[in-house]
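A.B. asks: Here it is, the structure in full.
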Amino acid sequence: MIKELNVIDREETTQRRPDWLRVKLPSGEKFKQVADTIQKNSLNTVCAEARCPNIGECWGNGTATFMILGDVCTRSCSFCAVKTGRPVQGLDWDEPRRVTDAAKKMDLKHVVITSVNRDEREDGGAPIFAECHRQLRDEIPGVTIESLIPDFRGVWDALQIVIDTPPDVLSHNLETVPRLYREVRPQAKYKRSLELLQRTKDAGLRTKTGIMVGLGEKPEEVNELMQDCVDYGVDVLTIGQYMQPTKMHHPVEEWVHPDQFKEYKRIGEEMGLEHVESGPLVRSSYHAERHV
């Protein structure tokens, strides 16, 4: 549990955060139970690995986002705190069982799963997503599932593996506006991510994506991205403030005011997005149970 606690205890960005971004340190019996369950099942969570500011609220309510396929990502996005490198192991076929066991112990009715990128594999790790979905449904009657997947390098056969054993919500994050991809998300392609969302929608699944603001984007660029989301069949969009995890990561260019987040929500829903979850502390899996 020590690893889990330390990651949210350090404010490493060089800029002072405004009052609306300050959160309480995690505490409470439920938080401890979630941390212990994750540790005992040898699992990773994006809550801890990505230093999510909502870890206290979510774990205190008994929810967590499981991060599968290990804790080493093959990409080097400048905003992300997850370790980068080349994973040494193959797929961990016991991981779906451990995720399911942890979800049962936590009495979860809605399970959120995400992963690192596994670009060294042709299948991108997609079979583990599918097996998690299968085992969760077999073991937890009535469970709903959201999976936040990588782009699988545009290998659509890998995407099909996930679609064939689908979650209730299939999510893939755009992360930022296309102009900033080269410096923020260099190994990704904006149009490829949009195509993944379109293919998911065409397959009949509920689709979701998320972005961060404060990276240097302009409001009109966010508006254009939201129109792309409408055009490519996205149902749910999340918008949150980027927070620099360490001094080695992309700097915060702007602390976006809460009123601007409200305006993004208004504009996006008027454009035709079914639901826009927009606020400074919003993250991809924040209030995910409301997005089913």
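By order of appearance in the structure tokens: chains A, B, ..., then residues from 1 within every chain, and ligands from 1 in the order shown.
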Find the residues around Gly240 (chain A) up to 12 Å (only C-alpha atoms counted), leave out those fewer than 3 positions away in its own chain, and share them as a ChimeraX atom specification.

C.D. replies: /A:21,52-54,175-176,209-215,222,237,243,255-258,260-262,264-265,276-286

A.B. asks: If we count only C-alpha atoms and set the cut-off at 7 Å, which residues sit around Thr165 (chain A), ignoring sequence neighbours fewer than 4 positions away in its own chain? Please answer as JSON, numbers by chain.

C.D. replies: {"A": [130, 133, 134, 161]}

A.B. asks: DSSP on the backbone: which residues in region 47-220 of chain A end up as strand (DSSP E or B)? Give the answer as a count of residues only.

C.D. replies: 31

A.B. asks: Can you pull out every residue within 10 Å of Leu174 (chain A), counting only C-alpha atoms, but drop anything in the same chain fewer than 2 positions away, and send it as a PyMOL selection string?

C.D. replies: chain A and resi 151+171-172+176-178+181+185+188-194+197+208-212+225+229+237

A.B. asks: Got time to write the residues from that selection, N, CA and C atoms, as a PDB file, in the first residue's frame?

C.D. replies:
ATOM      1  N   ASP A 151      -4.696   2.278 -29.060  1.00  0.00           N
ATOM      2  CA  ASP A 151      -5.108   2.284 -30.475  1.00  0.00           C
ATOM      3  C   ASP A 151      -4.640   1.047 -31.237  1.00  0.00           C
ATOM      4  N   SER A 171     -13.885   2.728 -24.581  1.00  0.00           N
ATOM      5  CA  SER A 171     -13.309   4.064 -24.527  1.00  0.00           C
ATOM      6  C   SER A 171     -11.908   4.083 -25.123  1.00  0.00           C
ATOM      7  N   HIS A 172     -11.587   5.164 -25.788  1.00  0.00           N
ATOM      8  CA  HIS A 172     -10.226   5.393 -26.291  1.00  0.00           C
ATOM      9  C   HIS A 172      -9.998   6.893 -26.294  1.00  0.00           C
ATOM     10  N   THR A 176      -5.587  15.111 -26.543  1.00  0.00           N
ATOM     11  CA  THR A 176      -5.364  16.535 -26.800  1.00  0.00           C
ATOM     12  C   THR A 176      -5.738  16.855 -28.233  1.00  0.00           C
ATOM     13  N   VAL A 177      -5.635  18.107 -28.593  1.00  0.00           N
ATOM     14  CA  VAL A 177      -5.991  18.549 -29.951  1.00  0.00           C
ATOM     15  C   VAL A 177      -4.899  18.106 -30.924  1.00  0.00           C
ATOM     16  N   PRO A 178      -5.231  17.940 -32.196  1.00  0.00           N
ATOM     17  CA  PRO A 178      -4.265  17.375 -33.156  1.00  0.00           C
ATOM     18  C   PRO A 178      -2.976  18.179 -33.290  1.00  0.00           C
ATOM     19  N   TYR A 181      -0.148  16.881 -30.983  1.00  0.00           N
ATOM     20  CA  TYR A 181       0.210  15.457 -30.934  1.00  0.00           C
ATOM     21  C   TYR A 181       1.718  15.230 -31.000  1.00  0.00           C
ATOM     22  N   ARG A 185       1.932  13.491 -27.708  1.00  0.00           N
ATOM     23  CA  ARG A 185       1.555  12.105 -27.961  1.00  0.00           C
ATOM     24  C   ARG A 185       2.202  11.635 -29.261  1.00  0.00           C
ATOM     25  N   ALA A 188       1.266   8.460 -31.435  1.00  0.00           N
ATOM     26  CA  ALA A 188      -0.141   8.280 -31.779  1.00  0.00           C
ATOM     27  C   ALA A 188      -0.492   9.125 -32.996  1.00  0.00           C
ATOM     28  N   LYS A 189      -1.661   8.836 -33.582  1.00  0.00           N
ATOM     29  CA  LYS A 189      -2.151   9.588 -34.726  1.00  0.00           C
ATOM     30  C   LYS A 189      -3.609   9.960 -34.462  1.00  0.00           C
ATOM     31  N   TYR A 190      -3.896  11.236 -34.570  1.00  0.00           N
ATOM     32  CA  TYR A 190      -5.241  11.735 -34.269  1.00  0.00           C
ATOM     33  C   TYR A 190      -6.300  11.045 -35.126  1.00  0.00           C
ATOM     34  N   LYS A 191      -6.070  10.985 -36.426  1.00  0.00           N
ATOM     35  CA  LYS A 191      -7.056  10.378 -37.330  1.00  0.00           C
ATOM     36  C   LYS A 191      -7.214   8.883 -37.056  1.00  0.00           C
ATOM     37  N   ARG A 192      -6.126   8.226 -36.660  1.00  0.00           N
ATOM     38  CA  ARG A 192      -6.214   6.798 -36.335  1.00  0.00           C
ATOM     39  C   ARG A 192      -7.096   6.591 -35.110  1.00  0.00           C
ATOM     40  N   SER A 193      -6.952   7.462 -34.124  1.00  0.00           N
ATOM     41  CA  SER A 193      -7.788   7.347 -32.933  1.00  0.00           C
ATOM     42  C   SER A 193      -9.256   7.608 -33.265  1.00  0.00           C
ATOM     43  N   LEU A 194      -9.512   8.588 -34.126  1.00  0.00           N
ATOM     44  CA  LEU A 194     -10.884   8.832 -34.546  1.00  0.00           C
ATOM     45  C   LEU A 194     -11.448   7.628 -35.303  1.00  0.00           C
ATOM     46  N   LEU A 197     -12.557   4.970 -32.897  1.00  0.00           N
ATOM     47  CA  LEU A 197     -13.850   5.303 -32.291  1.00  0.00           C
ATOM     48  C   LEU A 197     -14.996   5.065 -33.271  1.00  0.00           C
ATOM     49  N   LYS A 208     -16.651   6.277 -26.036  1.00  0.00           N
ATOM     50  CA  LYS A 208     -16.270   7.336 -25.105  1.00  0.00           C
ATOM     51  C   LYS A 208     -14.823   7.743 -25.385  1.00  0.00           C
ATOM     52  N   THR A 209     -14.524   9.017 -25.204  1.00  0.00           N
ATOM     53  CA  THR A 209     -13.149   9.485 -25.306  1.00  0.00           C
ATOM     54  C   THR A 209     -12.918  10.594 -24.291  1.00  0.00           C
ATOM     55  N   GLY A 210     -11.647  10.949 -24.096  1.00  0.00           N
ATOM     56  CA  GLY A 210     -11.319  11.974 -23.121  1.00  0.00           C
ATOM     57  C   GLY A 210     -10.133  12.803 -23.573  1.00  0.00           C
ATOM     58  N   ILE A 211     -10.101  14.059 -23.113  1.00  0.00           N
ATOM     59  CA  ILE A 211      -8.968  14.938 -23.390  1.00  0.00           C
ATOM     60  C   ILE A 211      -8.576  15.680 -22.119  1.00  0.00           C
ATOM     61  N   MET A 212      -7.348  16.211 -22.143  1.00  0.00           N
ATOM     62  CA  MET A 212      -6.857  17.116 -21.112  1.00  0.00           C
ATOM     63  C   MET A 212      -6.747  18.508 -21.719  1.00  0.00           C
ATOM     64  N   LEU A 225     -12.333  19.776 -32.005  1.00  0.00           N
ATOM     65  CA  LEU A 225     -12.209  18.376 -31.584  1.00  0.00           C
ATOM     66  C   LEU A 225     -13.575  17.815 -31.179  1.00  0.00           C
ATOM     67  N   CYS A 229     -15.650  14.607 -32.629  1.00  0.00           N
ATOM     68  CA  CYS A 229     -16.246  13.536 -31.815  1.00  0.00           C
ATOM     69  C   CYS A 229     -17.685  13.261 -32.244  1.00  0.00           C
ATOM     70  N   LEU A 237     -17.837  12.288 -23.765  1.00  0.00           N
ATOM     71  CA  LEU A 237     -16.538  12.956 -23.768  1.00  0.00           C
ATOM     72  C   LEU A 237     -16.227  13.449 -22.364  1.00  0.00           C
TER      73      LEU A 237
END

A.B. asks: Would you please work out which residue, of A:Val88, A:Leu205, A:Val184, A:Val116, is nearest to Leu170 (chain A) when using only C-alpha atoms?

C.D. replies: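 Result for the nearest residue to Leu170 (chain A): A:Leu205.
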
A.B. asks: Looking at A:Ser76, A:Gln244, A:Gln227, A:Asn117, which one is nearest to Gly272 (chain A), with distances taken over only C-alpha atoms?

C.D. replies: A:Gln227

A.B. asks: Do you have the CA of Pro219 (chain A)-CA of Gly233 (chain A) distance handy?

C.D. replies: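 These two atoms are separated by 21.4 Å.
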
A.B. asks: Can you measure CA of Arg17 (chain A) to CA of Lys83 (chain A) for me? One decimal in Å is fine.

C.D. replies: 24.4 Å

A.B. asks: With DSSP run on the backbone, what are the helix (DSSP H, G or I) residues within region 55-251 of chain A? I'd like them as a ChimeraX atom specification.

C.D. replies: /A:55-60,95-105,126-139,152-154,156-164,178-184,190-202,219-231

A.B. asks: Which residues, written as a count of residues only, have at least one atom at most 7 Å from Thr114 (chain A), with only C-alpha atoms counted and residues fewer than 5 positions away on the same chain left out?

C.D. replies: 7

A.B. asks: At a cut-off of 9 Å, using only C-alpha atoms, what residues contact Glu131 (chain A)? Leave out same-chain residues fewer than 5 positions from it and give the result as a compact mmCIF listing (two decimals) with all heavy atoms, in the first residue's frame.

C.D. replies:
# COMPACT_ATOMS: atom_id res chain seq x y z
N TRP A 93 -1.60 -14.38 -18.31
CA TRP A 93 -2.94 -14.95 -18.48
C TRP A 93 -3.67 -15.17 -17.16
O TRP A 93 -4.86 -15.51 -17.16
CB TRP A 93 -2.85 -16.25 -19.28
CG TRP A 93 -2.56 -15.98 -20.72
CD1 TRP A 93 -1.35 -16.04 -21.35
CD2 TRP A 93 -3.50 -15.54 -21.70
NE1 TRP A 93 -1.48 -15.67 -22.67
CE2 TRP A 93 -2.79 -15.36 -22.92
CE3 TRP A 93 -4.87 -15.29 -21.68
CZ2 TRP A 93 -3.40 -14.94 -24.09
CZ3 TRP A 93 -5.49 -14.88 -22.85
CH2 TRP A 93 -4.77 -14.71 -24.04
N PRO A 96 -6.56 -11.66 -15.76
CA PRO A 96 -8.03 -11.54 -15.73
C PRO A 96 -8.65 -12.16 -14.47
O PRO A 96 -9.62 -11.62 -13.92
CB PRO A 96 -8.47 -12.28 -16.99
CG PRO A 96 -7.31 -12.13 -17.93
CD PRO A 96 -6.10 -12.25 -17.04
N ARG A 97 -8.10 -13.29 -14.02
CA ARG A 97 -8.62 -13.90 -12.79
C ARG A 97 -8.41 -12.99 -11.60
O ARG A 97 -9.31 -12.82 -10.76
CB ARG A 97 -7.94 -15.25 -12.54
CG ARG A 97 -8.46 -15.97 -11.27
CD ARG A 97 -7.53 -17.07 -10.81
NE ARG A 97 -6.21 -16.55 -10.42
CZ ARG A 97 -5.97 -15.94 -9.25
NH1 ARG A 97 -6.95 -15.75 -8.37
NH2 ARG A 97 -4.75 -15.51 -8.97
N ALA A 126 -4.72 -7.28 -26.76
CA ALA A 126 -6.19 -7.31 -26.83
C ALA A 126 -6.80 -8.57 -26.22
O ALA A 126 -7.88 -8.49 -25.61
CB ALA A 126 -6.63 -7.16 -28.29
N LEU A 136 -15.24 -11.51 -15.91
CA LEU A 136 -16.06 -10.63 -15.07
C LEU A 136 -17.54 -10.94 -15.23
O LEU A 136 -18.28 -11.02 -14.25
CB LEU A 136 -15.78 -9.16 -15.43
CG LEU A 136 -14.48 -8.57 -14.90
CD1 LEU A 136 -14.14 -7.28 -15.63
CD2 LEU A 136 -14.57 -8.33 -13.39
N THR A 165 -15.81 -9.70 -27.76
CA THR A 165 -16.21 -9.95 -26.37
C THR A 165 -16.30 -8.59 -25.70
O THR A 165 -15.42 -8.20 -24.92
CB THR A 165 -15.19 -10.86 -25.65
OG1 THR A 165 -14.94 -12.02 -26.45
CG2 THR A 165 -15.71 -11.30 -24.29

A.B. asks: Between A:Ala103, A:Leu69, A:Val236, A:Leu108, which is the closest to Gln89 (chain A) once you count only C-alpha atoms?

C.D. replies: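 Smallest separation from Gln89 (chain A) among the options: A:Leu69.
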
A.B. asks: What's the separation between CA of Gly268 (chain A) and CA of Met226 (chain A), in Å to one decimal place?

C.D. replies: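 Separation between CA of Gly268 (chain A) and CA of Met226 (chain A): 6.0 Å.
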
A.B. asks: Give me, as a list in words, all polymer residues having an atom no more than 8 Å from Cys80 (chain A), counting only C-alpha atoms and skipping those fewer than 3 positions away in the same chain.

C.D. replies: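 Once the nearby chain positions are removed, what remains is Ala50, Ser76, Cys77, Pro245 and His249 of chain A.
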
A.B. asks: Residues of the last selection are to be written out with N, CA, C and O atoms, as a PDB file, in the first residue's frame.

C.D. replies:
ATOM      1  N   ALA A  50      -0.828   6.751 -12.676  1.00  0.00           N
ATOM      2  CA  ALA A  50      -0.953   8.056 -13.330  1.00  0.00           C
ATOM      3  C   ALA A  50      -1.171   9.188 -12.332  1.00  0.00           C
ATOM      4  O   ALA A  50      -1.424  10.319 -12.728  1.00  0.00           O
ATOM      5  N   SER A  76       5.958   6.903 -25.107  1.00  0.00           N
ATOM      6  CA  SER A  76       6.593   7.922 -24.263  1.00  0.00           C
ATOM      7  C   SER A  76       5.845   9.237 -24.376  1.00  0.00           C
ATOM      8  O   SER A  76       6.411  10.265 -24.772  1.00  0.00           O
ATOM      9  N   CYS A  77       4.572   9.216 -24.057  1.00  0.00           N
ATOM     10  CA  CYS A  77       3.762  10.440 -24.076  1.00  0.00           C
ATOM     11  C   CYS A  77       4.283  11.399 -23.003  1.00  0.00           C
ATOM     12  O   CYS A  77       4.565  10.988 -21.871  1.00  0.00           O
ATOM     13  N   PRO A 245       2.917  15.625 -13.841  1.00  0.00           N
ATOM     14  CA  PRO A 245       3.237  14.664 -12.786  1.00  0.00           C
ATOM     15  C   PRO A 245       4.634  14.836 -12.195  1.00  0.00           C
ATOM     16  O   PRO A 245       4.844  14.581 -11.011  1.00  0.00           O
ATOM     17  N   HIS A 249       8.107  16.099 -17.149  1.00  0.00           N
ATOM     18  CA  HIS A 249       6.977  15.976 -18.072  1.00  0.00           C
ATOM     19  C   HIS A 249       6.588  17.334 -18.658  1.00  0.00           C
ATOM     20  O   HIS A 249       7.090  18.385 -18.251  1.00  0.00           O
TER      21      HIS A 249
END

A.B. asks: Of the candidates A:Pro87, A:Gly124, A:Asp19, A:Ile140, which one gets nearest to Met106 (chain A) if we count only C-alpha atoms?

C.D. replies: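 Between A:Pro87, A:Gly124, A:Asp19, A:Ile140, the residue approaching Met106 (chain A) most closely is A:Ile140.
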